[in-house]
There are 6 protein chains.
Amino acid sequence: MRIFARTLTVHAHCDLPCGVYDPAQARIEAESVKAIQEKYQANEDPAFRTRAIAIKEQRAELVKHHLDVLWSDYFKAPHFDKYPQLHTLFNDAVKQAGAGGVKGSNDPATGQKLLELIAEIDKIFWETKQA
Amino acid sequence: MRIFARTLTVHAHCDLPCGVYDPAQARIEAESVKAIQEKYQANEDPAFRTRAIAIKEQRAELVKHHLDVLWSDYFKAPHFDKYPQLHTLFNDAVKQAGAGGVKGSNDPATGQKLLELIAEIDKIFWETKQA
Amino acid sequence: MRIFARTLTVHAHCDLPCGVYDPAQARIEAESVKAIQEKYQANEDPAFRTRAIAIKEQRAELVKHHLDVLWSDYFKAPHFDKYPQLHTLFNDAVKQAGAGGVKGSNDPATGQKLLELIAEIDKIFWETKQA
Amino acid sequence: MRIFARTLTVHAHCDLPCGVYDPAQARIEAESVKAIQEKYQANEDPAFRTRAIAIKEQRAELVKHHLDVLWSDYFKAPHFDKYPQLHTLFNDAVKQAGAGGVKGSNDPATGQKLLELIAEIDKIFWETKQA
Amino acid sequence: MRIFARTLTVHAHCDLPCGVYDPAQARIEAESVKAIQEKYQANEDPAFRTRAIAIKEQRAELVKHHLDVLWSDYFKAPHFDKYPQLHTLFNDAVKQAGAGGVKGSNDPATGQKLLELIAEIDKIFWETKQA
Amino acid sequence: MRIFARTLTVHAHCDLPCGVYDPAQARIEAESVKAIQEKYQANEDPAFRTRAIAIKEQRAELVKHHLDVLWSDYFKAPHFDKYPQLHTLFNDAVKQAGAGGVKGSNDPATGQKLLELIAEIDKIFWETKQA
């Protein structure tokens, strides 16, 4: 039922704040990043690869933005007290979305690792929403 | 089960194309728009309302963008043949996200109508994904 | 005289709406796209070609945006009734501006086809303005 | 005939460079700015006026961008030698598009003055294109 | 001498990475935010205040971006080990740059507090650069 | 002491105007451009070079933007009268930040030349601030 409920409460963020957030936004862009890496591996045309790299750069930047929004705007002091690993988890995730991760690599494994880090954040997010 | 499956296949779009799409992106921003309208109605402070209007404008523009992506990049001729109302449905939705709809109004009812139009698109989208 | 009049009424769009629109904005970016493709064909330097592809991606995205604005904000139901091919014409044009068209190809012929589709939209636009 | 020719050679800019430019892009946004100012004067609703001001700010910024592109990328040393007033004309125009002009005022007269400055630039531009 | 050295090593960030960073970018935008708040307090014209709020929103968002870049890209695990308060300091700073801080208030005191938090980050940043 | 003062008065620009400006913003991005060019020369991996070119394009565009802001918003007629070379100096600098300079070349010497032109602007800027 939590899954079902989640599909009915997918939310966006704006810093009014509108009060609605959802890790799906970061995961969505991260799935795009991994898909781009897979297409890159399957296509050796230089022009295609140039487009893939340029577009992946943009999607990865969006992942970083959506994660920064959750970390800076949704999660509050009590959350960081309850989940002492949360700061590091977010920092690892944004680094994985950056040059040391998916931006600097076209290996889908780096995109998969990013998705796994976002999944950890997603799990904590929904626990806090149900608290 | 379709709902569950959907939660596992939330996808983004990039015009590589990465081949992944999801109406959730438009719905997410539309839920933000409606939430902003509700907060606008509940707060008469001029400074707050100015921020609400400026931010709503941005989120509504994102709704239009995400809908345009689905209409131009995901849906193909066979879909438009099978769903003859699809062009009009999309056109109504982007107009509802614009000046004649949520951009020009702070009534949450306009945001709700936008969400309902997106839900219709979402229903067709998932039917085509399962076809 | 219509041509002359047109040059005096080149208009932009904003979704206030300011009420001013012009297909020239889309055509302008499309001419840029075709020119980039021609320069790409004439220069084999990898660094130059990388720049050309990255910049073409941006101009093509602007073409899509300007076309979406006309389709969603300028054209109304009566227009779509009078020009039953209009939805398909716009959808073909934005697809031509995307991955299946100029974004995914460096052949100036794809840029030329995009310009021709925009010219068809431009013709209908000015007919409606004079109606 | 120059007018007619112009309509067939409306061009955009990209800094590849694609080699295509046109003052129409700046004029288009400036006409939008003036139209917004006129609508602002005709509507006293605070919410509408907030939207008008926020949108005018964006269109005025686009005017500045399009003028900067012409000044930095299209016009070369020989042009500045032949038209000694060109630097000042451009500087006056971008200032008119800024806080001291249309951004800081909702008087359509400021938008009209901006259009007149752009028209002077447009005249010189087409003279250089025909040289 | 450290001050002098700093003026010669003001650096930007890009996620290539280019390896150059500087808290000045965040401080610069934060000083703009505070200046906007001061001008807001000194001018009761509704149109001016609308512009001030809309522009402050943008500058505050840039502060958040520049801080996120430092937190995610410059600072590494050893830094977080050496400065255990660093995660919280950054989180407090981005929150101060958001709705709960300068975005949601026009009191220059909120801008001043933001500048002080950035100054703390700046101090640690330069200590790590000299380590 | 001027150096020290400068570090305490690093300022951003917004076109409210907030009244704060600093050439450091342009220099910061230009230092990033030069660093990217150096990394490009040191790494022959095609994927890395594609990223370097795409990112350099963005940073160079930011240099142009920050210079345009100083030229259009900070410097006034009296400054241009006192420094008759200022228009040409700015025009040379934005051209050096464009296709004919750092955008079209991966030679760090072009980045160095850009930095030197910005340094000349910086010198004049601080003279006018102290006048």
# chains A, B, ... in the order shown; residues from 1 in each chain; ligands from 1
$ residues_around --residues "range 26-29 of chain C" --least-positions-apart "5" --cutoff "9 Å" --atoms "only C-alpha atoms" --output "list in words"
Lys34, Arg59, Ala60, Glu61, Leu62, Val63, Lys64, His65, His66, Leu67, Leu114, Leu115, Ile118, Ala119 and Asp122 of chain C; Thr9, Val10, His11, Ala12, His13, Cys14, Val20, Tyr21, Asp22 and Gln25 of chain D
$ write_last_selection --atoms "N, CA and C atoms" --output "PDB file, in the first residue's frame"
ATOM      1  N   LYS C  34      20.608  24.911 -39.724  1.00  0.00           N
ATOM      2  CA  LYS C  34      21.066  24.483 -41.050  1.00  0.00           C
ATOM      3  C   LYS C  34      22.483  25.015 -41.338  1.00  0.00           C
ATOM      4  N   ARG C  59      20.264  25.213 -30.399  1.00  0.00           N
ATOM      5  CA  ARG C  59      19.416  25.977 -31.327  1.00  0.00           C
ATOM      6  C   ARG C  59      18.182  25.154 -31.696  1.00  0.00           C
ATOM      7  N   ALA C  60      18.356  23.852 -31.874  1.00  0.00           N
ATOM      8  CA  ALA C  60      17.219  22.999 -32.225  1.00  0.00           C
ATOM      9  C   ALA C  60      16.199  22.989 -31.081  1.00  0.00           C
ATOM     10  N   GLU C  61      16.720  23.019 -29.848  1.00  0.00           N
ATOM     11  CA  GLU C  61      15.808  23.039 -28.699  1.00  0.00           C
ATOM     12  C   GLU C  61      15.012  24.349 -28.706  1.00  0.00           C
ATOM     13  N   LEU C  62      15.655  25.431 -29.115  1.00  0.00           N
ATOM     14  CA  LEU C  62      14.956  26.720 -29.199  1.00  0.00           C
ATOM     15  C   LEU C  62      13.880  26.677 -30.284  1.00  0.00           C
ATOM     16  N   VAL C  63      14.166  25.981 -31.387  1.00  0.00           N
ATOM     17  CA  VAL C  63      13.151  25.845 -32.433  1.00  0.00           C
ATOM     18  C   VAL C  63      11.924  25.156 -31.844  1.00  0.00           C
ATOM     19  N   LYS C  64      12.161  24.077 -31.115  1.00  0.00           N
ATOM     20  CA  LYS C  64      11.048  23.343 -30.511  1.00  0.00           C
ATOM     21  C   LYS C  64      10.258  24.241 -29.557  1.00  0.00           C
ATOM     22  N   HIS C  65      10.967  25.029 -28.772  1.00  0.00           N
ATOM     23  CA  HIS C  65      10.298  25.916 -27.826  1.00  0.00           C
ATOM     24  C   HIS C  65       9.424  26.942 -28.548  1.00  0.00           C
ATOM     25  N   HIS C  66       9.980  27.579 -29.556  1.00  0.00           N
ATOM     26  CA  HIS C  66       9.214  28.614 -30.262  1.00  0.00           C
ATOM     27  C   HIS C  66       8.003  28.006 -30.977  1.00  0.00           C
ATOM     28  N   LEU C  67       8.139  26.799 -31.477  1.00  0.00           N
ATOM     29  CA  LEU C  67       7.000  26.141 -32.134  1.00  0.00           C
ATOM     30  C   LEU C  67       5.945  25.756 -31.097  1.00  0.00           C
ATOM     31  N   LEU C 114      13.254  21.094 -42.036  1.00  0.00           N
ATOM     32  CA  LEU C 114      12.693  21.785 -40.873  1.00  0.00           C
ATOM     33  C   LEU C 114      12.227  23.185 -41.281  1.00  0.00           C
ATOM     34  N   LEU C 115      13.041  23.866 -42.072  1.00  0.00           N
ATOM     35  CA  LEU C 115      12.678  25.211 -42.527  1.00  0.00           C
ATOM     36  C   LEU C 115      11.400  25.176 -43.370  1.00  0.00           C
ATOM     37  N   ILE C 118       8.408  24.809 -41.102  1.00  0.00           N
ATOM     38  CA  ILE C 118       8.141  26.074 -40.414  1.00  0.00           C
ATOM     39  C   ILE C 118       7.500  27.065 -41.399  1.00  0.00           C
ATOM     40  N   ALA C 119       7.913  27.004 -42.670  1.00  0.00           N
ATOM     41  CA  ALA C 119       7.339  27.907 -43.677  1.00  0.00           C
ATOM     42  C   ALA C 119       5.845  27.613 -43.855  1.00  0.00           C
ATOM     43  N   ASP C 122       4.204  29.153 -40.953  1.00  0.00           N
ATOM     44  CA  ASP C 122       4.252  30.598 -41.126  1.00  0.00           C
ATOM     45  C   ASP C 122       3.126  31.065 -42.069  1.00  0.00           C
TER      46      ASP C 122
ATOM     47  N   THR D   9      15.698  36.839 -45.150  1.00  0.00           N
ATOM     48  CA  THR D   9      17.028  36.599 -44.585  1.00  0.00           C
ATOM     49  C   THR D   9      17.050  36.884 -43.080  1.00  0.00           C
ATOM     50  N   VAL D  10      15.943  36.651 -42.445  1.00  0.00           N
ATOM     51  CA  VAL D  10      15.925  36.825 -40.995  1.00  0.00           C
ATOM     52  C   VAL D  10      16.823  35.748 -40.410  1.00  0.00           C
ATOM     53  N   HIS D  11      17.761  36.142 -39.590  1.00  0.00           N
ATOM     54  CA  HIS D  11      18.743  35.183 -39.113  1.00  0.00           C
ATOM     55  C   HIS D  11      18.957  35.229 -37.608  1.00  0.00           C
ATOM     56  N   ALA D  12      19.413  34.092 -37.133  1.00  0.00           N
ATOM     57  CA  ALA D  12      19.686  33.995 -35.703  1.00  0.00           C
ATOM     58  C   ALA D  12      21.186  34.057 -35.493  1.00  0.00           C
ATOM     59  N   HIS D  13      21.544  34.034 -34.209  1.00  0.00           N
ATOM     60  CA  HIS D  13      22.952  33.987 -33.909  1.00  0.00           C
ATOM     61  C   HIS D  13      23.274  32.775 -33.064  1.00  0.00           C
ATOM     62  N   CYS D  14      24.370  32.164 -33.369  1.00  0.00           N
ATOM     63  CA  CYS D  14      24.956  31.262 -32.386  1.00  0.00           C
ATOM     64  C   CYS D  14      26.439  31.515 -32.516  1.00  0.00           C
ATOM     65  N   VAL D  20      24.971  33.816 -38.861  1.00  0.00           N
ATOM     66  CA  VAL D  20      23.679  34.445 -39.145  1.00  0.00           C
ATOM     67  C   VAL D  20      23.238  35.276 -37.942  1.00  0.00           C
ATOM     68  N   TYR D  21      22.813  36.489 -38.238  1.00  0.00           N
ATOM     69  CA  TYR D  21      22.409  37.446 -37.205  1.00  0.00           C
ATOM     70  C   TYR D  21      21.205  38.236 -37.696  1.00  0.00           C
ATOM     71  N   ASP D  22      20.444  38.792 -36.771  1.00  0.00           N
ATOM     72  CA  ASP D  22      19.358  39.677 -37.170  1.00  0.00           C
ATOM     73  C   ASP D  22      18.867  40.480 -35.975  1.00  0.00           C
ATOM     74  N   GLN D  25      15.585  39.833 -33.610  1.00  0.00           N
ATOM     75  CA  GLN D  25      15.436  39.129 -32.326  1.00  0.00           C
ATOM     76  C   GLN D  25      15.326  40.090 -31.151  1.00  0.00           C
TER      77      GLN D  25
END
$ residues_around --residues "Ala97 in chain D" --least-positions-apart "2" --cutoff "9 Å" --atoms "only C-alpha atoms" --output "ChimeraX atom specification"
/D:30,60-61,63-64,92-95,99-103,110-111,114
$ select_by_dssp --residues "chain C" --states "alpha helix (DSSP H)" --output "CSV table (one decimal) with N, CA and C atoms, in the first residue's frame"
chain,number,residue,atom,x,y,z
C,2,ARG,N,1.9,42.7,-47.9
C,2,ARG,CA,1.8,41.8,-46.7
C,2,ARG,C,3.2,41.6,-46.2
C,3,ILE,N,4.2,41.4,-47.1
C,3,ILE,CA,5.5,41.2,-46.7
C,3,ILE,C,6.0,42.4,-45.9
C,4,PHE,N,5.8,43.5,-46.5
C,4,PHE,CA,6.2,44.8,-45.8
C,4,PHE,C,5.6,44.9,-44.4
C,5,ALA,N,4.3,44.6,-44.4
C,5,ALA,CA,3.6,44.7,-43.1
C,5,ALA,C,4.2,43.7,-42.2
C,6,ARG,N,4.5,42.6,-42.7
C,6,ARG,CA,5.1,41.6,-41.8
C,6,ARG,C,6.4,42.1,-41.1
C,7,THR,N,7.2,42.7,-41.9
C,7,THR,CA,8.4,43.2,-41.4
C,7,THR,C,8.2,44.3,-40.3
C,8,LEU,N,7.0,44.9,-40.3
C,8,LEU,CA,6.8,45.9,-39.3
C,8,LEU,C,6.0,45.3,-38.1
C,24,ALA,N,8.8,33.8,-37.0
C,24,ALA,CA,10.2,34.1,-37.4
C,24,ALA,C,11.1,33.7,-36.3
C,25,GLN,N,10.7,33.6,-35.1
C,25,GLN,CA,11.6,33.2,-34.0
C,25,GLN,C,12.0,31.7,-34.2
C,26,ALA,N,11.1,30.9,-34.6
C,26,ALA,CA,11.4,29.5,-34.9
C,26,ALA,C,12.3,29.4,-36.1
C,27,ARG,N,11.9,30.2,-37.2
C,27,ARG,CA,12.6,30.1,-38.4
C,27,ARG,C,14.1,30.6,-38.2
C,28,ILE,N,14.2,31.6,-37.4
C,28,ILE,CA,15.6,32.1,-37.2
C,28,ILE,C,16.5,31.1,-36.6
C,29,GLU,N,16.0,30.4,-35.6
C,29,GLU,CA,16.8,29.3,-35.0
C,29,GLU,C,17.1,28.2,-36.0
C,30,ALA,N,16.0,27.9,-36.8
C,30,ALA,CA,16.2,26.8,-37.7
C,30,ALA,C,17.2,27.1,-38.8
C,31,GLU,N,17.3,28.4,-39.2
C,31,GLU,CA,18.3,28.8,-40.2
C,31,GLU,C,19.7,28.6,-39.6
C,32,SER,N,19.8,28.9,-38.3
C,32,SER,CA,21.0,28.7,-37.6
C,32,SER,C,21.4,27.3,-37.6
C,33,VAL,N,20.4,26.4,-37.3
C,33,VAL,CA,20.7,24.9,-37.3
C,33,VAL,C,21.3,24.5,-38.6
C,34,LYS,N,20.6,24.9,-39.7
C,34,LYS,CA,21.1,24.5,-41.1
C,34,LYS,C,22.5,25.0,-41.3
C,35,ALA,N,22.7,26.3,-40.9
C,35,ALA,CA,24.1,26.9,-41.2
C,35,ALA,C,25.1,26.1,-40.4
C,36,ILE,N,24.8,25.6,-39.2
C,36,ILE,CA,25.7,24.9,-38.4
C,36,ILE,C,26.0,23.5,-39.1
C,37,GLN,N,25.0,22.9,-39.6
C,37,GLN,CA,25.2,21.6,-40.3
C,37,GLN,C,26.1,21.8,-41.5
C,38,GLU,N,25.9,22.9,-42.2
C,38,GLU,CA,26.8,23.2,-43.4
C,38,GLU,C,28.2,23.4,-43.0
C,39,LYS,N,28.4,24.1,-41.8
C,39,LYS,CA,29.8,24.3,-41.4
C,39,LYS,C,30.4,23.0,-40.9
C,40,TYR,N,29.5,22.2,-40.3
C,40,TYR,CA,30.0,20.9,-39.8
C,40,TYR,C,30.6,20.1,-41.0
C,41,GLN,N,29.8,20.0,-42.1
C,41,GLN,CA,30.2,19.3,-43.2
C,41,GLN,C,31.5,19.8,-43.8
C,46,PRO,N,37.9,17.6,-35.2
C,46,PRO,CA,37.1,17.0,-34.1
C,46,PRO,C,36.6,18.1,-33.1
C,47,ALA,N,37.4,19.0,-32.7
C,47,ALA,CA,37.0,20.0,-31.7
C,47,ALA,C,35.9,20.9,-32.3
C,48,PHE,N,36.1,21.3,-33.5
C,48,PHE,CA,35.1,22.2,-34.2
C,48,PHE,C,33.8,21.4,-34.3
C,49,ARG,N,33.8,20.2,-34.7
C,49,ARG,CA,32.6,19.4,-34.8
C,49,ARG,C,31.9,19.2,-33.5
C,50,THR,N,32.7,19.0,-32.4
C,50,THR,CA,32.1,18.9,-31.1
C,50,THR,C,31.3,20.1,-30.7
C,51,ARG,N,31.9,21.3,-31.0
C,51,ARG,CA,31.2,22.5,-30.7
C,51,ARG,C,30.0,22.7,-31.6
C,52,ALA,N,30.1,22.3,-32.8
C,52,ALA,CA,29.0,22.4,-33.7
C,52,ALA,C,27.8,21.6,-33.3
C,53,ILE,N,28.1,20.4,-32.8
C,53,ILE,CA,27.0,19.5,-32.4
C,53,ILE,C,26.4,20.0,-31.1
C,54,ALA,N,27.2,20.4,-30.2
C,54,ALA,CA,26.7,21.0,-28.9
C,54,ALA,C,25.8,22.2,-29.1
C,55,ILE,N,26.2,23.1,-30.0
C,55,ILE,CA,25.5,24.3,-30.3
C,55,ILE,C,24.2,24.0,-31.1
C,56,LYS,N,24.3,23.1,-32.0
C,56,LYS,CA,23.2,22.8,-32.8
C,56,LYS,C,22.1,22.2,-31.9
C,57,GLU,N,22.5,21.5,-30.9
C,57,GLU,CA,21.5,20.9,-30.0
C,57,GLU,C,20.7,22.0,-29.3
C,58,GLN,N,21.4,23.1,-28.9
C,58,GLN,CA,20.7,24.2,-28.3
C,58,GLN,C,19.8,24.9,-29.2
C,59,ARG,N,20.3,25.2,-30.4
C,59,ARG,CA,19.4,26.0,-31.3
C,59,ARG,C,18.2,25.2,-31.7
C,60,ALA,N,18.4,23.9,-31.9
C,60,ALA,CA,17.2,23.0,-32.2
C,60,ALA,C,16.2,23.0,-31.1
C,61,GLU,N,16.7,23.0,-29.8
C,61,GLU,CA,15.8,23.0,-28.7
C,61,GLU,C,15.0,24.3,-28.7
C,62,LEU,N,15.7,25.4,-29.1
C,62,LEU,CA,15.0,26.7,-29.2
C,62,LEU,C,13.9,26.7,-30.3
C,63,VAL,N,14.2,26.0,-31.4
C,63,VAL,CA,13.2,25.8,-32.4
C,63,VAL,C,11.9,25.2,-31.8
C,64,LYS,N,12.2,24.1,-31.1
C,64,LYS,CA,11.0,23.3,-30.5
C,64,LYS,C,10.3,24.2,-29.6
C,65,HIS,N,11.0,25.0,-28.8
C,65,HIS,CA,10.3,25.9,-27.8
C,65,HIS,C,9.4,26.9,-28.5
C,66,HIS,N,10.0,27.6,-29.6
C,66,HIS,CA,9.2,28.6,-30.3
C,66,HIS,C,8.0,28.0,-31.0
C,67,LEU,N,8.1,26.8,-31.5
C,67,LEU,CA,7.0,26.1,-32.1
C,67,LEU,C,5.9,25.8,-31.1
C,68,ASP,N,6.4,25.3,-29.9
C,68,ASP,CA,5.5,24.9,-28.9
C,68,ASP,C,4.7,26.1,-28.4
C,69,VAL,N,5.3,27.3,-28.4
C,69,VAL,CA,4.6,28.5,-28.0
C,69,VAL,C,3.5,28.8,-29.0
C,77,ALA,N,-8.8,26.9,-30.8
C,77,ALA,CA,-9.7,25.9,-31.3
C,77,ALA,C,-10.2,26.2,-32.7
C,78,PRO,N,-10.7,27.5,-33.0
C,78,PRO,CA,-11.2,27.8,-34.3
C,78,PRO,C,-10.1,27.6,-35.4
C,79,HIS,N,-8.9,27.9,-35.1
C,79,HIS,CA,-7.8,27.7,-36.0
C,79,HIS,C,-7.6,26.2,-36.3
C,80,PHE,N,-7.7,25.4,-35.3
C,80,PHE,CA,-7.5,23.9,-35.5
C,80,PHE,C,-8.7,23.4,-36.3
C,81,ASP,N,-9.9,24.0,-36.1
C,81,ASP,CA,-11.0,23.5,-36.9
C,81,ASP,C,-10.8,23.9,-38.4
C,82,LYS,N,-10.3,25.1,-38.6
C,82,LYS,CA,-10.2,25.6,-40.0
C,82,LYS,C,-9.0,24.9,-40.7
C,86,LEU,N,-3.3,21.1,-38.9
C,86,LEU,CA,-2.4,22.0,-38.1
C,86,LEU,C,-1.7,21.2,-37.0
C,87,HIS,N,-2.4,20.4,-36.3
C,87,HIS,CA,-1.8,19.6,-35.2
C,87,HIS,C,-0.7,18.7,-35.7
C,88,THR,N,-1.0,18.0,-36.8
C,88,THR,CA,0.0,17.1,-37.4
C,88,THR,C,1.2,17.9,-37.9
C,89,LEU,N,0.9,19.0,-38.5
C,89,LEU,CA,2.0,19.9,-39.1
C,89,LEU,C,3.0,20.3,-38.0
C,90,PHE,N,2.4,20.8,-36.9
C,90,PHE,CA,3.3,21.2,-35.7
C,90,PHE,C,4.0,20.0,-35.2
C,91,ASN,N,3.3,18.8,-35.0
C,91,ASN,CA,4.0,17.7,-34.4
C,91,ASN,C,5.1,17.2,-35.3
C,92,ASP,N,4.9,17.2,-36.7
C,92,ASP,CA,6.0,16.9,-37.6
C,92,ASP,C,7.1,17.8,-37.5
C,93,ALA,N,6.8,19.1,-37.3
C,93,ALA,CA,7.9,20.1,-37.2
C,93,ALA,C,8.7,20.0,-36.0
C,94,VAL,N,8.1,19.8,-34.8
C,94,VAL,CA,8.9,19.6,-33.6
C,94,VAL,C,9.7,18.3,-33.6
C,95,LYS,N,9.1,17.3,-34.3
C,95,LYS,CA,9.9,16.0,-34.4
C,95,LYS,C,11.1,16.2,-35.3
C,96,GLN,N,10.9,17.0,-36.3
C,96,GLN,CA,12.0,17.3,-37.3
C,96,GLN,C,13.1,18.1,-36.5
C,108,PRO,N,22.6,18.9,-43.8
C,108,PRO,CA,21.8,20.2,-44.0
C,108,PRO,C,20.4,19.9,-44.6
C,109,ALA,N,20.2,18.8,-45.2
C,109,ALA,CA,18.9,18.5,-45.8
C,109,ALA,C,17.9,18.4,-44.7
C,110,THR,N,18.3,17.9,-43.5
C,110,THR,CA,17.3,17.8,-42.4
C,110,THR,C,17.0,19.2,-41.9
C,111,GLY,N,18.0,20.1,-42.0
C,111,GLY,CA,17.7,21.5,-41.6
C,111,GLY,C,16.8,22.2,-42.6
C,112,GLN,N,17.0,21.9,-43.8
C,112,GLN,CA,16.2,22.4,-44.9
C,112,GLN,C,14.7,21.9,-44.7
C,113,LYS,N,14.5,20.7,-44.4
C,113,LYS,CA,13.2,20.1,-44.3
C,113,LYS,C,12.5,20.8,-43.1
C,114,LEU,N,13.3,21.1,-42.0
C,114,LEU,CA,12.7,21.8,-40.9
C,114,LEU,C,12.2,23.2,-41.3
C,115,LEU,N,13.0,23.9,-42.1
C,115,LEU,CA,12.7,25.2,-42.5
C,115,LEU,C,11.4,25.2,-43.4
C,116,GLU,N,11.2,24.1,-44.2
C,116,GLU,CA,10.1,24.0,-45.0
C,116,GLU,C,8.8,23.8,-44.2
C,117,LEU,N,8.9,23.0,-43.1
C,117,LEU,CA,7.8,22.8,-42.3
C,117,LEU,C,7.4,24.1,-41.5
C,118,ILE,N,8.4,24.8,-41.1
C,118,ILE,CA,8.1,26.1,-40.4
C,118,ILE,C,7.5,27.1,-41.4
C,119,ALA,N,7.9,27.0,-42.7
C,119,ALA,CA,7.3,27.9,-43.7
C,119,ALA,C,5.8,27.6,-43.9
C,120,GLU,N,5.5,26.3,-43.8
C,120,GLU,CA,4.0,26.0,-43.9
C,120,GLU,C,3.3,26.6,-42.7
C,121,ILE,N,3.9,26.5,-41.5
C,121,ILE,CA,3.2,27.0,-40.3
C,121,ILE,C,3.1,28.5,-40.5
C,122,ASP,N,4.2,29.2,-41.0
C,122,ASP,CA,4.3,30.6,-41.1
C,122,ASP,C,3.1,31.1,-42.1
C,123,LYS,N,2.9,30.3,-43.1
C,123,LYS,CA,1.9,30.7,-44.1
C,123,LYS,C,0.5,30.7,-43.4
C,124,ILE,N,0.2,29.6,-42.7
C,124,ILE,CA,-1.1,29.5,-42.0
C,124,ILE,C,-1.2,30.6,-40.9
C,125,PHE,N,-0.1,30.9,-40.2
C,125,PHE,CA,-0.1,31.9,-39.2
C,125,PHE,C,-0.5,33.3,-39.7
C,126,TRP,N,0.1,33.7,-40.8
C,126,TRP,CA,-0.3,35.0,-41.4
C,126,TRP,C,-1.7,35.0,-42.0
C,127,GLU,N,-2.1,33.9,-42.5
C,127,GLU,CA,-3.5,33.8,-43.0
C,127,GLU,C,-4.5,34.1,-41.8
C,128,THR,N,-4.2,33.5,-40.6
C,128,THR,CA,-5.1,33.7,-39.5
C,128,THR,C,-5.0,35.1,-39.0
C,129,LYS,N,-3.8,35.7,-39.1
C,129,LYS,CA,-3.6,37.1,-38.6
C,129,LYS,C,-4.4,38.1,-39.5
C,130,GLN,N,-4.6,37.7,-40.7
C,130,GLN,CA,-5.3,38.6,-41.6
C,130,GLN,C,-6.8,38.3,-41.7
$ atom_distance --atom1 "CA of Asp15 in chain C" --atom2 "CA of Gly98 in chain B"
6.7 Å
$ closest_residue --among "A:Pro23, A:Pro84, A:Gly104, A:Pro17" --to "Asp45 in chain F" --atoms "only C-alpha atoms"
A:Gly104
$ atom_distance --atom1 "CA of Tyr74 in chain C" --atom2 "CA of Trp71 in chain B"
17.2 Å
$ atom_distance --atom1 "CA of Ser105 in chain B" --atom2 "CA of Ser72 in chain B"
27.0 Å
